[in-house]
Every structure is written in structure tokens, then in C-alpha cells.
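Everything below belongs to upload_25.cif, which stores mmCIF, C-alpha atoms and all ligand atoms.
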data_structure
loop_
_atom_site.label_atom_id
_atom_site.label_comp_id
_atom_site.auth_asym_id
_atom_site.auth_seq_id
_atom_site.Cartn_x
_atom_site.Cartn_y
_atom_site.Cartn_z
CA MET O 20 -20.40 -12.95 -47.27
CA THR O 21 -23.15 -11.46 -49.40
CA VAL O 22 -23.69 -12.55 -52.94
CA ILE O 23 -23.91 -9.60 -55.30
CA LEU O 24 -24.04 -11.26 -58.72
CA GLU O 25 -25.39 -14.65 -59.74
CA ALA O 26 -25.80 -16.69 -62.87
CA GLU O 27 -28.18 -19.62 -62.69
CA GLY O 28 -28.40 -22.26 -65.39
CA VAL O 29 -27.06 -19.81 -67.96
CA SER O 30 -26.56 -21.03 -71.53
CA LYS O 31 -25.67 -19.21 -74.70
CA ILE O 32 -26.09 -20.49 -78.24
CA TYR O 33 -24.63 -18.38 -81.03
CA GLY O 34 -26.14 -18.75 -84.48
CA LYS O 35 -28.84 -21.07 -85.69
CA GLY O 36 -29.24 -24.62 -86.95
CA GLU O 37 -26.21 -26.52 -88.18
CA ASN O 38 -23.85 -23.64 -87.58
CA SER O 39 -24.93 -22.95 -84.04
CA ILE O 40 -22.38 -23.00 -81.25
CA LEU O 41 -23.13 -23.77 -77.63
CA ALA O 42 -20.69 -21.29 -76.10
CA VAL O 43 -21.90 -21.45 -72.50
CA ASP O 44 -23.61 -24.58 -71.24
CA ASP O 45 -25.75 -24.47 -68.12
CA VAL O 46 -23.45 -22.44 -65.89
CA SER O 47 -24.36 -21.47 -62.35
CA LEU O 48 -21.98 -19.18 -60.53
CA SER O 49 -22.20 -16.60 -57.79
CA VAL O 50 -19.92 -13.72 -56.96
CA ARG O 51 -19.69 -12.28 -53.47
CA ARG O 52 -18.77 -8.85 -52.33
CA ASN O 53 -15.17 -8.78 -51.08
CA GLU O 54 -14.01 -11.41 -53.50
CA MET O 55 -11.92 -11.57 -56.60
CA LEU O 56 -13.18 -14.50 -58.62
CA LEU O 57 -10.99 -15.77 -61.41
CA ILE O 58 -12.39 -17.57 -64.45
CA MET O 59 -9.77 -19.64 -66.25
CA GLY O 60 -10.04 -21.92 -69.23
CA PRO O 61 -8.66 -22.50 -72.72
CA SER O 62 -9.34 -20.16 -75.60
CA GLY O 63 -12.87 -20.64 -76.92
CA SER O 64 -14.17 -22.15 -73.67
CA GLY O 65 -16.79 -19.42 -73.23
CA LYS O 66 -15.12 -17.08 -70.75
CA THR O 67 -15.82 -13.82 -72.56
CA THR O 68 -19.36 -14.91 -73.36
CA LEU O 69 -20.05 -15.75 -69.72
CA LEU O 70 -18.52 -12.46 -68.55
CA SER O 71 -20.65 -10.53 -71.06
CA ILE O 72 -23.82 -12.28 -69.93
CA MET O 73 -23.08 -11.72 -66.24
CA GLY O 74 -22.19 -8.11 -67.05
CA CYS O 75 -25.59 -7.57 -68.71
CA ILE O 76 -23.95 -6.86 -72.07
CA LEU O 77 -25.29 -10.00 -73.72
CA HIS O 78 -28.58 -11.85 -73.27
CA PRO O 79 -28.32 -15.54 -72.39
CA THR O 80 -30.26 -17.99 -74.55
CA SER O 81 -31.60 -19.45 -71.31
CA GLY O 82 -31.02 -19.11 -67.61
CA GLU O 83 -31.10 -16.17 -65.26
CA VAL O 84 -28.75 -13.45 -64.05
CA ARG O 85 -29.45 -11.79 -60.71
CA ILE O 86 -27.94 -8.70 -59.16
CA GLU O 87 -28.41 -8.37 -55.42
CA GLY O 88 -31.01 -11.11 -55.71
CA LYS O 89 -33.07 -9.34 -58.38
CA ALA O 90 -33.44 -10.99 -61.78
CA VAL O 91 -32.24 -8.81 -64.63
CA THR O 92 -32.71 -11.35 -67.39
CA GLY O 93 -36.44 -10.76 -67.70
CA LEU O 94 -36.02 -7.02 -68.07
CA HIS O 95 -36.46 -5.17 -71.32
CA GLU O 96 -33.32 -4.46 -73.34
CA ASP O 97 -33.80 -0.72 -72.67
CA ALA O 98 -33.26 -1.25 -68.94
CA LEU O 99 -29.82 -2.81 -69.34
CA PRO O 100 -27.70 0.30 -69.96
CA ASP O 101 -28.90 1.78 -66.69
CA ILE O 102 -28.15 -1.43 -64.85
CA ARG O 103 -24.66 -1.52 -66.33
CA LYS O 104 -24.16 2.09 -65.32
CA GLN O 105 -25.33 1.53 -61.78
CA TYR O 106 -23.58 -1.72 -60.99
CA PHE O 107 -20.64 -2.36 -63.28
CA GLY O 108 -17.19 -1.18 -64.19
CA PHE O 109 -15.62 -2.94 -67.16
CA VAL O 110 -12.02 -3.45 -68.16
CA PHE O 111 -11.33 -5.09 -71.49
CA GLN O 112 -8.18 -6.47 -73.02
CA ALA O 113 -8.01 -3.62 -75.50
CA PHE O 114 -7.94 -0.52 -73.36
CA ASN O 115 -10.65 1.28 -75.35
CA LEU O 116 -9.41 4.73 -74.41
CA PHE O 117 -10.36 7.72 -76.53
CA PRO O 118 -7.11 8.77 -78.22
CA SER O 119 -8.13 12.40 -78.56
CA LEU O 120 -8.79 12.77 -74.85
CA ARG O 121 -6.25 13.16 -72.06
CA ALA O 122 -6.20 10.50 -69.32
CA VAL O 123 -8.21 12.70 -66.97
CA GLU O 124 -10.77 13.44 -69.70
CA ASN O 125 -11.18 9.74 -70.43
CA VAL O 126 -12.13 9.22 -66.79
CA GLU O 127 -14.34 12.31 -66.68
CA LEU O 128 -16.35 11.04 -69.60
CA VAL O 129 -17.52 8.04 -67.61
CA LEU O 130 -18.18 10.12 -64.51
CA ARG O 131 -20.39 12.47 -66.55
CA LEU O 132 -22.31 9.47 -67.83
CA LYS O 133 -22.78 7.91 -64.43
CA LYS O 134 -23.37 10.82 -62.13
CA THR O 135 -26.36 13.09 -61.88
CA ASP O 136 -24.48 15.68 -59.83
CA LYS O 137 -21.95 17.06 -62.29
CA THR O 138 -20.01 19.20 -59.84
CA GLY O 139 -16.50 18.24 -58.83
CA ILE O 140 -16.05 15.78 -61.67
CA ARG O 141 -12.54 16.98 -62.57
CA ALA O 142 -11.38 16.57 -58.96
CA GLU O 143 -12.94 13.14 -58.76
CA ALA O 144 -11.28 12.01 -62.00
CA LEU O 145 -7.91 13.19 -60.71
CA GLU O 146 -8.49 11.36 -57.45
CA LEU O 147 -9.22 8.11 -59.33
CA LEU O 148 -6.06 8.48 -61.38
CA LYS O 149 -4.09 9.05 -58.21
CA LYS O 150 -5.54 5.86 -56.80
CA VAL O 151 -4.14 3.84 -59.69
CA GLY O 152 -0.77 5.54 -59.43
CA LEU O 153 -1.21 7.97 -62.32
CA GLY O 154 -1.47 11.22 -60.39
CA LYS O 155 1.40 12.68 -62.36
CA ARG O 156 0.22 11.45 -65.75
CA SER O 157 -3.32 12.77 -65.68
CA HIS O 158 -2.79 15.26 -68.51
CA PHE O 159 -1.10 12.77 -70.88
CA TYR O 160 -2.74 11.51 -74.04
CA PRO O 161 -3.02 7.72 -74.47
CA ALA O 162 -0.44 7.83 -77.28
CA ASP O 163 2.14 9.17 -74.82
CA MET O 164 1.56 6.49 -72.21
CA SER O 165 2.94 2.96 -71.83
CA GLY O 166 0.68 -0.10 -72.05
CA GLY O 167 0.64 -0.38 -68.28
CA GLU O 168 -0.30 3.26 -67.87
CA LYS O 169 -3.12 2.98 -70.38
CA GLN O 170 -4.39 -0.06 -68.58
CA ARG O 171 -4.36 1.94 -65.34
CA VAL O 172 -6.43 4.64 -66.98
CA ALA O 173 -8.86 1.91 -68.03
CA PHE O 174 -9.02 0.82 -64.40
CA ALA O 175 -9.59 4.35 -63.15
CA ARG O 176 -12.44 4.55 -65.62
CA ALA O 177 -13.89 1.24 -64.45
CA LEU O 178 -13.80 2.57 -60.88
CA ALA O 179 -15.56 5.80 -61.79
CA GLY O 180 -18.87 6.11 -60.02
CA ASP O 181 -17.75 3.49 -57.48
CA PRO O 182 -19.57 0.49 -59.00
CA PRO O 183 -20.01 -2.52 -56.69
CA ILE O 184 -18.95 -4.97 -59.43
CA ILE O 185 -15.89 -4.91 -61.67
CA MET O 186 -15.59 -7.21 -64.66
CA ALA O 187 -12.19 -7.54 -66.27
CA ASP O 188 -11.53 -9.64 -69.38
CA GLU O 189 -7.85 -10.59 -69.67
CA PRO O 190 -6.73 -7.32 -68.09
CA THR O 191 -3.06 -8.29 -68.04
CA ALA O 192 -2.81 -9.77 -71.55
CA ASN O 193 -1.02 -6.70 -72.94
CA LEU O 194 1.08 -5.89 -69.92
CA ASP O 195 4.58 -6.86 -68.88
CA SER O 196 4.80 -9.23 -65.95
CA ARG O 197 5.57 -6.58 -63.30
CA THR O 198 2.77 -4.25 -64.35
CA GLY O 199 0.41 -7.20 -64.64
CA GLN O 200 1.18 -8.18 -61.08
CA ASP O 201 0.54 -4.60 -59.86
CA VAL O 202 -2.77 -4.39 -61.67
CA LEU O 203 -3.94 -7.73 -60.29
CA LYS O 204 -2.88 -6.76 -56.80
CA LEU O 205 -4.77 -3.50 -57.17
CA LEU O 206 -7.91 -5.40 -58.13
CA ARG O 207 -7.61 -7.81 -55.25
CA ASP O 208 -7.03 -5.02 -52.73
CA MET O 209 -10.06 -3.24 -54.11
CA SER O 210 -12.27 -6.27 -53.57
CA GLU O 211 -11.22 -6.42 -49.94
CA GLU O 212 -11.07 -2.74 -49.10
CA SER O 213 -13.97 -1.40 -51.14
CA HIS O 214 -16.17 -4.50 -50.76
CA LYS O 215 -16.50 -5.03 -54.46
CA GLY O 216 -17.26 -8.19 -56.35
CA ILE O 217 -14.52 -8.60 -58.93
CA VAL O 218 -14.65 -11.09 -61.76
CA ILE O 219 -11.59 -11.50 -63.90
CA VAL O 220 -10.87 -13.70 -66.86
CA SER O 221 -7.21 -14.57 -67.22
CA HIS O 222 -4.70 -17.26 -68.16
CA ASP O 223 -2.13 -15.55 -66.01
CA PRO O 224 -0.66 -17.77 -63.24
CA LYS O 225 -0.19 -14.59 -61.20
CA ALA O 226 -3.95 -14.11 -61.25
CA GLU O 227 -4.40 -17.63 -59.93
CA ALA O 228 -2.09 -16.86 -57.03
CA LEU O 229 -3.94 -13.66 -56.11
CA ALA O 230 -7.58 -14.66 -56.64
CA HIS O 231 -9.76 -15.63 -53.71
CA ARG O 232 -11.46 -18.31 -55.80
CA VAL O 233 -10.88 -19.90 -59.17
CA VAL O 234 -13.33 -21.63 -61.51
CA PHE O 235 -12.34 -23.43 -64.70
CA LEU O 236 -14.42 -23.33 -67.83
CA GLU O 237 -14.13 -26.09 -70.39
CA ASP O 238 -16.37 -26.30 -73.46
CA GLY O 239 -18.73 -23.82 -71.85
CA ARG O 240 -19.13 -25.75 -68.62
CA ILE O 241 -17.66 -25.26 -65.19
CA ARG O 242 -15.30 -28.09 -64.42
CA SER O 243 -15.85 -29.41 -60.95
N1 LIG O 301 -20.39 -13.29 -81.55
C1 LIG O 301 -20.17 -14.59 -81.75
N2 LIG O 301 -20.78 -15.26 -82.76
C2 LIG O 301 -20.58 -16.58 -82.95
N3 LIG O 301 -19.77 -17.34 -82.20
C3 LIG O 301 -19.13 -16.74 -81.18
C4 LIG O 301 -19.29 -15.34 -80.90
N4 LIG O 301 -18.52 -15.02 -79.83
C5 LIG O 301 -17.92 -16.16 -79.45
N5 LIG O 301 -18.28 -17.21 -80.26
C6 LIG O 301 -17.85 -18.62 -80.11
O1 LIG O 301 -18.25 -19.06 -78.83
C7 LIG O 301 -17.24 -19.85 -78.21
C8 LIG O 301 -16.80 -19.19 -76.91
O2 LIG O 301 -16.14 -17.96 -77.22
P1 LIG O 301 -15.61 -16.96 -76.10
O3 LIG O 301 -16.69 -16.72 -75.12
O4 LIG O 301 -15.03 -15.79 -76.79
O5 LIG O 301 -14.47 -17.86 -75.41
P2 LIG O 301 -13.14 -17.41 -74.63
O6 LIG O 301 -13.34 -16.01 -74.12
O7 LIG O 301 -13.01 -18.43 -73.54
O8 LIG O 301 -12.02 -17.52 -75.59
C9 LIG O 301 -16.13 -19.99 -79.25
O9 LIG O 301 -16.35 -21.18 -79.95
C10 LIG O 301 -16.35 -18.78 -80.15
O10 LIG O 301 -15.89 -19.05 -81.44
MG MG O 302 -12.17 -14.27 -74.40
#
Any chance you could put this one into C-alpha cells?
Ligand SMILES: Nc1ncnc2c1ncn2[C@@H]1O[C@H](COP(=O)(O)OP(=O)(O)O)[C@@H](O)[C@H]1O
Ligand SMILES: [Mg+2]
Amino acid sequence: MTVILEAEGVSKIYGKGENSILAVDDVSLSVRRNEMLLIMGPSGSGKTTLLSIMGCILHPTSGEVRIEGKAVTGLHEDALPDIRKQYFGFVFQAFNLFPSLRAVENVELVLRLKKTDKTGIRAEALELLKKVGLGKRSHFYPADMSGGEKQRVAFARALAGDPPIIMADEPTANLDSRTGQDVLKLLRDMSEESHKGIVIVSHDPKAEALAHRVVFLEDGRIRS
């Protein structure tokens, strides 16, 4: 199985001097296409920091991140938004939907950002919503949707532009158990069917049962 995303010897120190915190400590980790990798660990163990570094949102203090074998860590800050656009879909714990936009418009926004060919964007957004089971809710505003439905919109948005990597930080934290299970299953199926590398951070035992591989973080290090 091909590796799509790698961290090698990645560390992150927040702050300086006495108040500095070693949030991630010399972590090496690779993510393959076709796999859903779960990162578990107690609160404060560095999961979100590691996910942000691997997702090219945050620079590591040291170490390297590679996408398809190419180092991105040495690149200029200006290059990172394009890399995120090309390779990543993100799902965060807070759904981050625009309240003034309908579900379909929330998805369209990302498609507009990611695609050079702007034709057929409405149809594509509707197709993505259908895929996450929201075909009939596409014209709803976030305020009129349940937590699970909003999370599905967030997933449709993460899938927009068909990125090869999806990063999800505690995607089921605000969902009831049933919906959480559905969302996790959707992610796992996507890794297998669409050959995506999926990294999720979760404390959810259901995630553990569905993931292809689990790593545990403790005090910023991978427990072996
Ligand atoms: N922006 C930040 N500035 C300073 N310290 C931070 C920042 N973000 C996280 N931390 C600290 O880094 C450590 C790891 O945090 P985080 O990656 O959020 O862990 P987790 O997601 O596992 O809860 C914690 O001690 C946290 O307080
Ligand atoms: Mg976190």
C-alpha cells in the first residue's frame, strides 16, 4: 500500500523559555492510501497539534512532513495554502459552517476555491450532499439542521474537490452515538472505496473498532 503522508521526527514546542511546552515530541508516522488511521490519547497529549502539522496548517519546530514523498516542511509559508487545497479535506470538531449560507452553498464555496473549472459546481455540491445522505436537506440553513446533519455538511465540504487525504479532529464529539457511528463508517468506507488516506483523532471506542490502525499519543510521543 502506498504511503501518501508522512511525518518524520516531528516536534513542536509552543512558546519560549520557561513557559515553553513540548506538545509533540519526535513523532514519526506514515499514512497510507486506503487506510483510516486513528490517533488516540488523553487530552493535551498533542493530537490536534500533530494533526495540524501533518495537515500543513502548523509548522513543526523540527522534523519533516512529506506528501507523496515530497517534503513540504522546507517550503515557504506562501506555498502551504495551495498544498492544503490540493491534498486535504478537513473536518473539525466545531462544524465551522457559514450560518448565512444554505448547506449546498457551504459546499459550493469550497468547490469554487478548489476548482479552476467553475462550471457544474451546483450539481457537484448537490452530488456530494447526496453522498453523505443529505440529498433532501441541501437547501436548509445550518440553524435548521441537527448536529449530525451539520457534521455531514462538514464532511461533504471536506470531500469537495476529491482530496486524497482527509483529516478529522474529533469528528464525532458533538454527535449522538448512532450518528457518530454512521459518520465513522462513512469515513472508513471512503478510505477503502476512494483510496483516500484518512486520519482521525478521537476518543470514541467506535472509532477504535472501525479504524484500520490505531496509534496512541502520550505526552507528545507515540506509545509503542
Ligand atoms: N497554540 C498553543 N499555544 C500554546 N500551547 C498550546 C497551543 N496549542 C496547544 N498547546 C498545548 O500543547 C499541548 C498539546 O495540545 P493539543 O495538541 O491541543 O492536545 P490534544 O489535541 O491531544 O488535546 C497541551 O499542553 C496544550 O496546552
Ligand atoms: Mg485536540
Report the distance between atom CA of O:Lys137 and atom CA of O:Gly180 in Å, rounded to one decimal place. 11.6 Å
Expected selection as a ChimeraX atom specification for ligand LIG 301 (chain O) within 7 Å, all atoms listed in the file: /O:33-34,40-42,60-69
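Here atom CA of O:Ser221 and atom CA of O:Val126 stand 24.3 Å from one another.
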Residues within 8 Å of stretch 200-203 of chain O, please, as a list in words. Count all atoms listed in the file; anything in the same chain fewer than 6 positions from it doesn't count. Arg171, Thr191, Lys225, Ala226 and Leu229 of chain O
Export of prior selection with C-alpha atoms as a PDB file, keeping the file's coordinate frame:
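File written: out01.pdb
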ATOM      1  CA  ARG O 171      -4.360   1.940 -65.340  1.00  0.00           C
ATOM      2  CA  THR O 191      -3.060  -8.290 -68.040  1.00  0.00           C
ATOM      3  CA  LYS O 225      -0.190 -14.590 -61.200  1.00  0.00           C
ATOM      4  CA  ALA O 226      -3.950 -14.110 -61.250  1.00  0.00           C
ATOM      5  CA  LEU O 229      -3.940 -13.660 -56.110  1.00  0.00           C
TER       6      LEU O 229
END
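Atom CA of O:Ser213 to atom CA of O:Asn53 spans 7.5 Å [interatomic distance, one decimal].
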Long-range neighbours of stretch 71-77 of chain O as a PDB file with C-alpha atoms, in the coordinates of the input, 7 Å cut-off, all atoms listed in the file, 6 positions minimum in chain:
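Ended up saving to part.pdb:
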ATOM      1  CA  ALA O  26     -25.800 -16.690 -62.870  1.00  0.00           C
ATOM      2  CA  VAL O  84     -28.750 -13.450 -64.050  1.00  0.00           C
ATOM      3  CA  LEU O  99     -29.820  -2.810 -69.340  1.00  0.00           C
ATOM      4  CA  ARG O 103     -24.660  -1.520 -66.330  1.00  0.00           C
TER       5      ARG O 103
END
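Nearest to ligand MG 302 (chain O) of all the residues O:Asp223, O:Glu146, O:Glu189, O:Glu237 is O:Glu189, based on only C-alpha atoms and all ligand atoms.
Each of O:Asp101, O:Leu24, O:Leu56, O:Ser30 was checked against O:Lys89 using only C-alpha atoms; the smallest atom-to-atom distance is that of O:Leu24.
Minimum atom-to-atom distances from O:Glu143, O:Ala173, O:Arg156, O:Val233 to O:Asn125 were compared using all atoms listed in the file, and the lowest value belongs to O:Ala173.
Minimum distance to O:Glu168 across O:Val43, O:Val91, O:Leu206, O:Leu148 (counting all atoms listed in the file) occurs at O:Leu148.
Candidate residues O:Thr21, O:Thr80, O:Asn38, O:Gln112 were compared for distance to ligand MG 302 (chain O), and the nearest is O:Gln112, using only C-alpha atoms and all ligand atoms.
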Spatial neighbours of O:Phe117, max dist 9 Å, all atoms listed in the file, sep filter under 5 positions, as a list in words: Ala122, Glu124, Asn125, Tyr160 and Pro161 of chain O
Name all residues at most 10 Å from O:Met209 (count all atoms listed in the file; drop same-chain ones fewer than 5 positions away) and give them as a PyMOL selection string. chain O and resi 53-55+178+185+203-204+214-217
Residue selection dump (C-alpha atoms) as a PDB file, keeping the file's coordinate frame:
ATOM      1  CA  ASN O  53     -15.170  -8.780 -51.080  1.00  0.00           C
ATOM      2  CA  GLU O  54     -14.010 -11.410 -53.500  1.00  0.00           C
ATOM      3  CA  MET O  55     -11.920 -11.570 -56.600  1.00  0.00           C
ATOM      4  CA  LEU O 178     -13.800   2.570 -60.880  1.00  0.00           C
ATOM      5  CA  ILE O 185     -15.890  -4.910 -61.670  1.00  0.00           C
ATOM      6  CA  LEU O 203      -3.940  -7.730 -60.290  1.00  0.00           C
ATOM      7  CA  LYS O 204      -2.880  -6.760 -56.800  1.00  0.00           C
ATOM      8  CA  HIS O 214     -16.170  -4.500 -50.760  1.00  0.00           C
ATOM      9  CA  LYS O 215     -16.500  -5.030 -54.460  1.00  0.00           C
ATOM     10  CA  GLY O 216     -17.260  -8.190 -56.350  1.00  0.00           C
ATOM     11  CA  ILE O 217     -14.520  -8.600 -58.930  1.00  0.00           C
TER      12      ILE O 217
END
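For the point (-1.0, 0.1, -71.9) in file coordinates, the residues within 10 Å, using all atoms listed in the file, are O:Gln112, O:Ala113, O:Phe114, O:Leu116, O:Pro161, O:Ala162, O:Met164, O:Ser165, O:Gly166, O:Gly167, O:Glu168, O:Lys169, O:Gln170, O:Arg171, O:Val172, O:Ala173, O:Thr191, O:Asn193, O:Leu194, O:Asp195, O:Thr198.
Distances to ligand MG 302 (chain O) were evaluated for O:Val151, O:Ile140, O:Leu236, O:Ile86 using all atoms listed in the file, and the minimum falls at O:Leu236.
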Neighbours of O:Gly139 within 12 Å (only C-alpha atoms; same-chain residues fewer than 6 positions away dropped), as a VMD selection string? chain O and resid 127 130 to 131 145 to 146
Please give the centre and size of the box around stretch 201-209 of chain O (axis-aligned, containing every atom listed in the file, 6 Å added per side), with values in Å to one decimal and written as lines of an AutoDock Vina configuration file.
center_x = -4.8
center_y = -5.5
center_z = -57.2
size_x = 22.6
size_y = 16.6
size_z = 20.9
Would you mind completing stretch 153-172 of chain O so that it carries N, CA, C and O atoms, and writing it out as a PDB file, in the coordinates of the input?
ATOM      1  N   LEU O 153      -1.439   7.134 -61.138  1.00  0.00           N
ATOM      2  CA  LEU O 153      -1.210   7.970 -62.320  1.00  0.00           C
ATOM      3  C   LEU O 153      -1.413   9.460 -62.036  1.00  0.00           C
ATOM      4  O   LEU O 153      -1.677  10.240 -62.956  1.00  0.00           O
ATOM      5  N   GLY O 154      -1.263   9.825 -60.769  1.00  0.00           N
ATOM      6  CA  GLY O 154      -1.470  11.220 -60.390  1.00  0.00           C
ATOM      7  C   GLY O 154      -0.676  12.185 -61.237  1.00  0.00           C
ATOM      8  O   GLY O 154      -1.159  13.254 -61.592  1.00  0.00           O
ATOM      9  N   LYS O 155       0.536  11.781 -61.602  1.00  0.00           N
ATOM     10  CA  LYS O 155       1.400  12.680 -62.360  1.00  0.00           C
ATOM     11  C   LYS O 155       1.226  12.572 -63.866  1.00  0.00           C
ATOM     12  O   LYS O 155       1.881  13.271 -64.623  1.00  0.00           O
ATOM     13  N   ARG O 156       0.387  11.672 -64.315  1.00  0.00           N
ATOM     14  CA  ARG O 156       0.220  11.450 -65.750  1.00  0.00           C
ATOM     15  C   ARG O 156      -1.162  11.871 -66.256  1.00  0.00           C
ATOM     16  O   ARG O 156      -1.523  11.591 -67.390  1.00  0.00           O
ATOM     17  N   SER O 157      -1.900  12.534 -65.392  1.00  0.00           N
ATOM     18  CA  SER O 157      -3.320  12.770 -65.680  1.00  0.00           C
ATOM     19  C   SER O 157      -3.559  13.569 -66.957  1.00  0.00           C
ATOM     20  O   SER O 157      -4.594  13.430 -67.586  1.00  0.00           O
ATOM     21  N   HIS O 158      -2.591  14.405 -67.344  1.00  0.00           N
ATOM     22  CA  HIS O 158      -2.790  15.260 -68.510  1.00  0.00           C
ATOM     23  C   HIS O 158      -2.195  14.659 -69.777  1.00  0.00           C
ATOM     24  O   HIS O 158      -2.168  15.290 -70.813  1.00  0.00           O
ATOM     25  N   PHE O 159      -1.690  13.416 -69.702  1.00  0.00           N
ATOM     26  CA  PHE O 159      -1.100  12.770 -70.880  1.00  0.00           C
ATOM     27  C   PHE O 159      -2.196  12.228 -71.798  1.00  0.00           C
ATOM     28  O   PHE O 159      -3.265  11.831 -71.337  1.00  0.00           O
ATOM     29  N   TYR O 160      -1.868  12.185 -73.077  1.00  0.00           N
ATOM     30  CA  TYR O 160      -2.740  11.510 -74.040  1.00  0.00           C
ATOM     31  C   TYR O 160      -2.354  10.029 -74.083  1.00  0.00           C
ATOM     32  O   TYR O 160      -1.190   9.685 -73.851  1.00  0.00           O
ATOM     33  N   PRO O 161      -3.318   9.146 -74.403  1.00  0.00           N
ATOM     34  CA  PRO O 161      -3.020   7.720 -74.470  1.00  0.00           C
ATOM     35  C   PRO O 161      -1.773   7.405 -75.306  1.00  0.00           C
ATOM     36  O   PRO O 161      -0.962   6.551 -74.915  1.00  0.00           O
ATOM     37  N   ALA O 162      -1.586   8.107 -76.408  1.00  0.00           N
ATOM     38  CA  ALA O 162      -0.440   7.830 -77.280  1.00  0.00           C
ATOM     39  C   ALA O 162       0.900   8.059 -76.567  1.00  0.00           C
ATOM     40  O   ALA O 162       1.923   7.498 -76.961  1.00  0.00           O
ATOM     41  N   ASP O 163       0.891   8.868 -75.532  1.00  0.00           N
ATOM     42  CA  ASP O 163       2.140   9.170 -74.820  1.00  0.00           C
ATOM     43  C   ASP O 163       2.299   8.349 -73.543  1.00  0.00           C
ATOM     44  O   ASP O 163       3.128   8.657 -72.687  1.00  0.00           O
ATOM     45  N   MET O 164       1.476   7.315 -73.415  1.00  0.00           N
ATOM     46  CA  MET O 164       1.560   6.490 -72.210  1.00  0.00           C
ATOM     47  C   MET O 164       1.964   5.069 -72.581  1.00  0.00           C
ATOM     48  O   MET O 164       1.699   4.599 -73.679  1.00  0.00           O
ATOM     49  N   SER O 165       2.574   4.371 -71.618  1.00  0.00           N
ATOM     50  CA  SER O 165       2.940   2.960 -71.830  1.00  0.00           C
ATOM     51  C   SER O 165       1.677   2.102 -71.735  1.00  0.00           C
ATOM     52  O   SER O 165       0.628   2.558 -71.269  1.00  0.00           O
ATOM     53  N   GLY O 166       1.803   0.835 -72.146  1.00  0.00           N
ATOM     54  CA  GLY O 166       0.680  -0.100 -72.050  1.00  0.00           C
ATOM     55  C   GLY O 166       0.131  -0.191 -70.636  1.00  0.00           C
ATOM     56  O   GLY O 166      -1.076  -0.159 -70.406  1.00  0.00           O
ATOM     57  N   GLY O 167       1.050  -0.270 -69.681  1.00  0.00           N
ATOM     58  CA  GLY O 167       0.640  -0.380 -68.280  1.00  0.00           C
ATOM     59  C   GLY O 167      -0.108   0.857 -67.812  1.00  0.00           C
ATOM     60  O   GLY O 167      -1.085   0.774 -67.071  1.00  0.00           O
ATOM     61  N   GLU O 168       0.365   2.016 -68.275  1.00  0.00           N
ATOM     62  CA  GLU O 168      -0.300   3.260 -67.870  1.00  0.00           C
ATOM     63  C   GLU O 168      -1.686   3.357 -68.476  1.00  0.00           C
ATOM     64  O   GLU O 168      -2.642   3.765 -67.815  1.00  0.00           O
ATOM     65  N   LYS O 169      -1.799   2.961 -69.740  1.00  0.00           N
ATOM     66  CA  LYS O 169      -3.120   2.980 -70.380  1.00  0.00           C
ATOM     67  C   LYS O 169      -4.080   2.038 -69.667  1.00  0.00           C
ATOM     68  O   LYS O 169      -5.247   2.355 -69.468  1.00  0.00           O
ATOM     69  N   GLN O 170      -3.542   0.882 -69.280  1.00  0.00           N
ATOM     70  CA  GLN O 170      -4.390  -0.060 -68.580  1.00  0.00           C
ATOM     71  C   GLN O 170      -4.848   0.525 -67.245  1.00  0.00           C
ATOM     72  O   GLN O 170      -5.974   0.319 -66.811  1.00  0.00           O
ATOM     73  N   ARG O 171      -3.987   1.295 -66.603  1.00  0.00           N
ATOM     74  CA  ARG O 171      -4.360   1.940 -65.340  1.00  0.00           C
ATOM     75  C   ARG O 171      -5.451   2.990 -65.553  1.00  0.00           C
ATOM     76  O   ARG O 171      -6.335   3.148 -64.716  1.00  0.00           O
ATOM     77  N   VAL O 172      -5.358   3.694 -66.665  1.00  0.00           N
ATOM     78  CA  VAL O 172      -6.430   4.640 -66.980  1.00  0.00           C
ATOM     79  C   VAL O 172      -7.749   3.880 -67.158  1.00  0.00           C
ATOM     80  O   VAL O 172      -8.803   4.283 -66.655  1.00  0.00           O
TER      81      VAL O 172
END
